[in-house]
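Asker: Pasting in a structure now, in structure tokens, and then I'll have a few things to ask.
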Amino acid sequence: MTRNEFKALTARQIVILDGATGTELSKRGLPPGTCPEAWCREHPEAILAVQRDYIAAGANIIYTPTFGGNPLKLREFGLAEQTLDLNRELAKISRRAAGEAVLVFGDLAPTGQFLEPVGDLPFEAAVDAYREQARGLLEGGVDGFVIETMMDVQETRAALLAIREICDLPVLVSLTFEKGQHTLTGNHAVSALITLQALGADAFGCNCSSGPEEMLETIRLLKPYSRVPLIAKPNAGLPQFIDGHTVFNLQPEAFSRQTALLAEAGAGLLGGCCGTTPEHIRALSQILAGRPAPAVEPCRGACVSSARTWHEITPGGPFTLVGERLNPTGKKALQAELRAGKLELVRQIADEQIAAGAALLDLNMGLSGIDERALMQQSVALLSSEITLPLCIDTTSAEVAEAALRLYPGRALFNSITAETQRLQEVLPVAAKYGAMLILLPVTDQGIPETLPERIAVIERIYAEAQKYGYRKEDLCVDALVMTVSANPAAAALTLGLIEWCSREWGSNTIIGLSNISFGLPRRELLNRTFLGMALGCGLNCAIANPMLTDIQETILAGDLLNRRDQRCQKYLARFSGQEGSATAAPAAKVPADPGQRVRAALLNGDSSMMPESLRAALAAGHSADELVNAVLIPAIAEVGERFERKEYFLPQLIMSADVMRLAMEILDPILRQTGQNQPSRGKIVIATVKNDIHDIGKNIVALLLRNYNFTVIDLGKDVAAETILEAAQREGARLVALSALMTTTMGEMKTVIDLARQRGLHDLQFIIGGAVIDEPYARSIGAHYAANAHDTVKIASRLLA
């Protein structure tokens, strides 16, 4: 199936997807704790029966039984070397089930590991793993691919790139969102949509984690921004543990009625996840029969995104200020630091521009005598993990652009594409591959056109080339090319003429590098501010400028108000209510002068590079190791937890700050031992994923965090029998056991462990339980404490072992 054929299909009808596979296989004999992929290959009649049941129920697309078919997951069963063959054979089995009337999409899912910098898995290693799986599925004859149940946008990007680099079949992408519309790793639903549809996803949506009623909010939120059809694959309500069995509370009729509301909200591909059966899909197919497919009609403008947020850039929207200061040109301190291979100043300048109100940050590493590619990659990795604003990647090199855009976990603004042969032939294809929004600069191989008609012709020529890669006018910002008036008195009029043509006639975004206008002249700030006001009057909606200059910020606020871009004067009033006059520069986000406060900042920022030096400085300034632990580090890590609970921090920040806490304790521990003040363990905790459950990513996160909070953790791994867990607790003298389960079919093992403990007289042994299918009522019913996330586990453990 081609991507155009898939687009036509989703425009023609609502597409019915299949339902849960794992529970259906369990009904047909899949033993707990075994590799489902290997078992399906050995028992093809089982998966054939499941898939034929879904087809008979009305499914238009079935997924291959390869959820755990990537080599990193298969390695847990000693099957990594069989990745290609296993996926090929399972795709062929699904092809047999589908025949010619139904489509088969190859299923890719999480690797079970965190990518750098949160985890240890390099981005390219993830791409390689998914590429190997995708090759097998492709050889098996799939019609397309689905990347599902993803929790991290960067891992999802790795899977999507792996597919796109070997074929051009349609790809569905589906993430799992928690309350608040974020993934486990803090990726917002809209940000993920913008990133992945730009990268080449043919449909986007959500599956698992909630029932259809809860999923409505997500679909409604995504609809205005979606340029591709939306997917919804909800669970059959909420799981309940009744008489030793897990039961979902939505029967087929109720499920179909509620899921049909998702179609009304804009979802065009609908199916089921946990707890759904062929009967659920049959009821859904019947209730949706004959309904038209929802139109794909985004009503919002083009957006750029980071891993955690997004920013809309549209001619009629609020002005976009792109911070210009992450550019070594004319900045001696930054040049020296980059030549030394350091990035501390990069982070500091980024923080200052964010505090001053920049919407995006321009990132340029063009400097003689350095490895621009390597420093750009390092800067992208640093800023992507530590700030929320989207980036503007600024380079003339195709190689540097490829390195930066490949690693960047969002949709970047790219600066810039000209009509020069090298840029059109080498740089434009790279920017298009990664879906970047483009800045167009009217420059040719012959130089800068001298007249307005010539500049317009160049812009139209670049746009014609960009259209070949699928770009639309709203995906572009035209750089109106500001030149200094000291060299050419007509420069300002030329720039303003191009801005006016773009905004009034052509209908595109416009952007300028503001400070060029005043180069070589006195009172540059006066010229810059005045020219900005003139450009705003011509329709300018973006600028690359210094956000630290208050007069620039204030001119933008006034311009947005006067151009009706500031609804009910909200931004203007928020800035100026109660003020008289203004300052000349925005305050910088300075590095704390006190060494103890620098230690605190390093922990709050999860900055492992800053912590050792900050600790040495604090100790040299007279702070004792004990004071740093009790008065600085412990309160700071407590604040990290509070920010996590307020959803200001997400799992990556929580883990990185905990890692920095561990690093600080490693540095201070020898000093504390010398003075007899070393921190004892806060207690022993045995942790395990219960018997027959092979999922351990959540358990691993909890174990990591507990260790970094100075608990002694005995990690027994996954698929651990009740007897083994209790024997370890008794042997180690642990007073607390943490149990994890991801599947509804294994959550009953938690009760088995606790019941066995009571039978053995271990009445003082306490239990914390958690996992995707666990809730507070279930925990209470079996005599355990419920932890909703890793930080909850730390809080409960701290209380129980105090």
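In the structure tokens, chains take letters A, B, ... by order of appearance, with residues numbered from 1 within each chain and ligands from 1 in the order shown.
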Would you mind listing what lies within 8 Å of region 83-85 of chain A as a PyMOL selection string, with only C-alpha atoms counted and same-chain residues fewer than 2 positions away left out?

Answerer: chain A and resi 69-71+74+79-81+87-89+132-133+135-137

Asker: Using only C-alpha atoms, which protein or nucleic acid residues come within 9 Å of region 233-239 of chain A? Drop anything in the same chain fewer than 5 positions from it, and give the result as a ChimeraX atom specification.

Answerer: /A:17-20,174,205-215,246-252,255,259,269-277,280,744,773-775

Asker: I need the residue nearest Glu420 (chain A) from this list: A:Ile462, A:Val400, A:Ala543, A:Ile556. Use only C-alpha atoms for the distance.

Answerer: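 Ranked by minimum distance to Glu420 (chain A), first place goes to A:Ile462.
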
Asker: With only C-alpha atoms as the atoms that count, which of A:Val458, A:Ile370, A:Ala602, A:Ile511 lies nearest to Glu386 (chain A)?

Answerer: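 Comparing A:Val458, A:Ile370, A:Ala602, A:Ile511 against Glu386 (chain A), the winner is A:Ala602.
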
Asker: Select from region 258-451 of chain A everything DSSP, run on the backbone, classes as strand (DSSP E), then give the selection as JSON, numbers by chain.

Answerer: {"A": [267, 268, 269, 270, 302, 303, 304, 305, 310, 311, 312, 313, 320, 321, 322, 323, 324, 325, 326, 360, 361, 362, 363, 391, 392, 393, 394, 413, 414, 415, 416, 417, 437, 438, 439, 440]}

Asker: What is the CA of Ser256 (chain A) to CA of Ala283 (chain A) distance in Å?

Answerer: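 Between these atoms lies a distance of 5.7 Å.
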
Asker: If we count only C-alpha atoms and set the cut-off at 12 Å, which residues sit around Ala722 (chain A), ignoring sequence neighbours fewer than 3 positions away in its own chain? Please answer as a list in words.

Answerer: Ile687, Ala688, Thr689, Val690, Lys691, Asn692, Leu716, Lys718, Asp719, Ile725, Leu726, Glu727, Ala728, Ala729, Val737, Leu739, Gly748, Glu749, Met750, Lys751, Thr752, Val753, Ile754, Asp755, Leu756, Ala757 and Arg760 of chain A

Asker: Would you please extract all helix (DSSP H, G or I) residues from region 543-713 of chain A, as assigned by DSSP on the backbone, and give them as a PyMOL selection string?

Answerer: chain A and resi 550-562+567-576+595-604+611-620+625-645+651-674+697-708

Asker: Write out as a ChimeraX atom specification which residues come within 10 Å of Ala295 (chain A) when counting only C-alpha atoms, dropping same-chain ones fewer than 6 positions away.

Answerer: /A:10-12,223,227-229,266-268

Asker: Hey, can you check how far CA of Leu428 (chain A) sits from CA of Cys392 (chain A)?

Answerer: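 One can read the CA of Leu428 (chain A) to CA of Cys392 (chain A) distance as 15.1 Å.
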
Asker: Closest to Ile349 (chain A) among A:Pro429, A:Pro547, A:Gly537, A:Pro117, using only C-alpha atoms?

Answerer: A:Pro547

Asker: Find the residues around Val142 (chain A) up to 8 Å (only C-alpha atoms counted), leave out those fewer than 3 positions away in its own chain, and share them as a list in words.

Answerer: Ala91, Arg95, Leu103, Val104, Phe105, Gly106, Leu137, Leu138, Glu139 and Phe145 of chain A

Asker: Can you measure CA of Ala432 (chain A) to CA of Glu402 (chain A) for me? One decimal in Å is fine.

Answerer: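 It comes out at 10.4 Å.
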
Asker: For region 183-200 of chain A, list every protein, DNA or RNA residue within 8 Å, evaluated using only C-alpha atoms, and leave out those in the same chain fewer than 6 positions away; present the list as a PyMOL selection string.

Answerer: chain A and resi 151-153+157+160-161+164+171+173+175-177+218+221-222+225-228+303-310+409-411+433-436+649-652

Asker: Restrict the calculation to only C-alpha atoms, then for each residue of region 335-434 of chain A with any atom at most 10 Å from an atom of region 606-621 of chain A give the closest atom pair and their distance in Å to one decimal, rows by chain and rising residue number, as a tab-separated table.

Answerer:
residue	atom	partner	partner_atom	distance
A:Lys342	CA	A:Ser609	CA	9.8
A:Leu343	CA	A:Ser609	CA	9.4
A:Glu344	CA	A:Met610	CA	7.9
A:Leu382	CA	A:Asp607	CA	9.7
A:Ser385	CA	A:Gly606	CA	9.6
A:Glu386	CA	A:Gly606	CA	8.1

Asker: Put those residues in a file: C-alpha atoms, as a PDB file, in the first residue's frame.

Answerer:
ATOM      1  CA  LYS A 342      32.798  23.299  27.284  1.00  0.00           C
ATOM      2  CA  LEU A 343      29.077  24.038  27.225  1.00  0.00           C
ATOM      3  CA  GLU A 344      28.402  25.660  30.614  1.00  0.00           C
ATOM      4  CA  LEU A 382      22.171  19.372  26.261  1.00  0.00           C
ATOM      5  CA  SER A 385      17.073  17.619  27.811  1.00  0.00           C
ATOM      6  CA  GLU A 386      17.301  20.727  29.973  1.00  0.00           C
TER       7      GLU A 386
END
